[in-house]
Every structure is written in C-alpha cells, then in structure tokens.
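Heads up: the structure comes next, in structure tokens.
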Amino acid sequence: MWYDFEAAFESKKSEAEEMLHDEDKLLEFISKVLKKLDTIPVVGSLLGDIPLLCMIVVDYVKGEYTEIPLASVIGIIAALIYFFSPVDLIPDCIPGIGLLDDAAVIGIAIKTVDNDLQAYREWKGM
C-alpha cells in the first residue's frame, strides 16, 4: 500500500495558516518542536534540518527575515506540524521506524523550499 506523503503534508497547511496568525502560539509550538527533537537519540540528515526550518519561521514571524514567500513559510510550518504530531502514518513510539514518515514529510518540505533555505543561509551567514 502506498502512502501519499505529499497529501499528508498538504493536509497540515490550513493548520499552519491558522498558526501564523498567532505569534505567541507559533513560537510556543516551535519551542515544543525543538524539545521533541532533543528527545530523539539519533537525528538523521533530514531531521537535522529541523532547527534551520524553525529558525527561518521564527525570523519570518518576528519580521527579521521577510525574503521568503508566504507559501514557503506555510509549507515549512505544515511539515513541522506533521513532525510534531504523535499520530501519523507510523507512530513515533515504534523504535527504529517511527520517524520514517516524519523524515519523508520534512524531506518534501526541504525539497520544496530549497532555494528559500539557501537564500536564508546566505542571509544568516551560515
């Protein structure tokens, strides 16, 4: 059976748009995402970019970096919502494979906003 990761990613976009309208809620969510990431013993290359995704969202929301299209910000937040949710295709609590679907969705987001991330890295001096 084939799981449509892009559809799962897309389904989180309305939730992401809603979150963008409440800066405090969004910043609290970003903090929770980073705390969850800290609990993962081994972070692969795709999940390793989550802090960068969080940074660009925070800088955008605070008005410090606005050179990214709104659609890209919404896509990043949608992917982070999927990552943070404990209820997804493969439950996160399953050792060894629980984060595979999360990594796939984060990978789709990174691929989609790759040019924006490169520009942000340059702006940040990374």
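Simple scheme: letters A, B, ... for chains in structure tokens order, numbers from 1 for residues in each chain, numbers from 1 for ligands in the order shown.
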Residues near Asp22 (chain A), cut-off 12 Å, only C-alpha atoms, skip fewer than 6 positions along chain, as a list in words: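 Non-adjacent residues within range: Glu15, Ala16, Glu28, Phe29, Val61 and Lys62 of chain A.
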Shell around Leu53 (chain A) at 10 Å using only C-alpha atoms, local window under 5 positions removed, as a ChimeraX atom specification: /A:30,47-48,58,73,76-77,79-80,106,109-110,113,117
Counting only C-alpha atoms, the residue of A:Asp59, A:Glu67, A:Glu122, A:Asp49 that sits nearest Gly107 (chain A): A:Asp49
Distance of CA of Tyr120 (chain A) from CA of Met19 (chain A), expressed in Å to one decimal place: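 Taking CA of Met19 (chain A) as the start and CA of Tyr120 (chain A) as the end point, the length is 21.6 Å.
CA of Met55 (chain A) is positioned 14.5 Å from CA of Leu20 (chain A).
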Per-residue DSSP, region 14-114 of chain A, filtered to alpha helix (DSSP H), as a PyMOL selection string: chain A and resi 14-20+23-38+50-61+70-84+100-112+114
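The smallest atom-to-atom distance between Ile40 (chain A) and any of A:Ala104, A:Ala119, A:Leu99, A:Ala71, using only C-alpha atoms, is found for A:Leu99.
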Counting only C-alpha atoms, the residue of A:Ala78, A:Lys12, A:Asp116, A:Leu100 that sits nearest Thr66 (chain A):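 Using only C-alpha atoms, the shortest distance to Thr66 (chain A) belongs to A:Asp116.
Among the candidate residues A:Leu52, A:Asn115, A:His21, A:Met126, the one lying nearest to Ile68 (chain A) is A:Asn115, with distances computed using only C-alpha atoms.
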Distance in Å - CA of Phe83 (chain A) versus CA of Asp102 (chain A):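 Here the two named atoms are 5.0 Å from each other.
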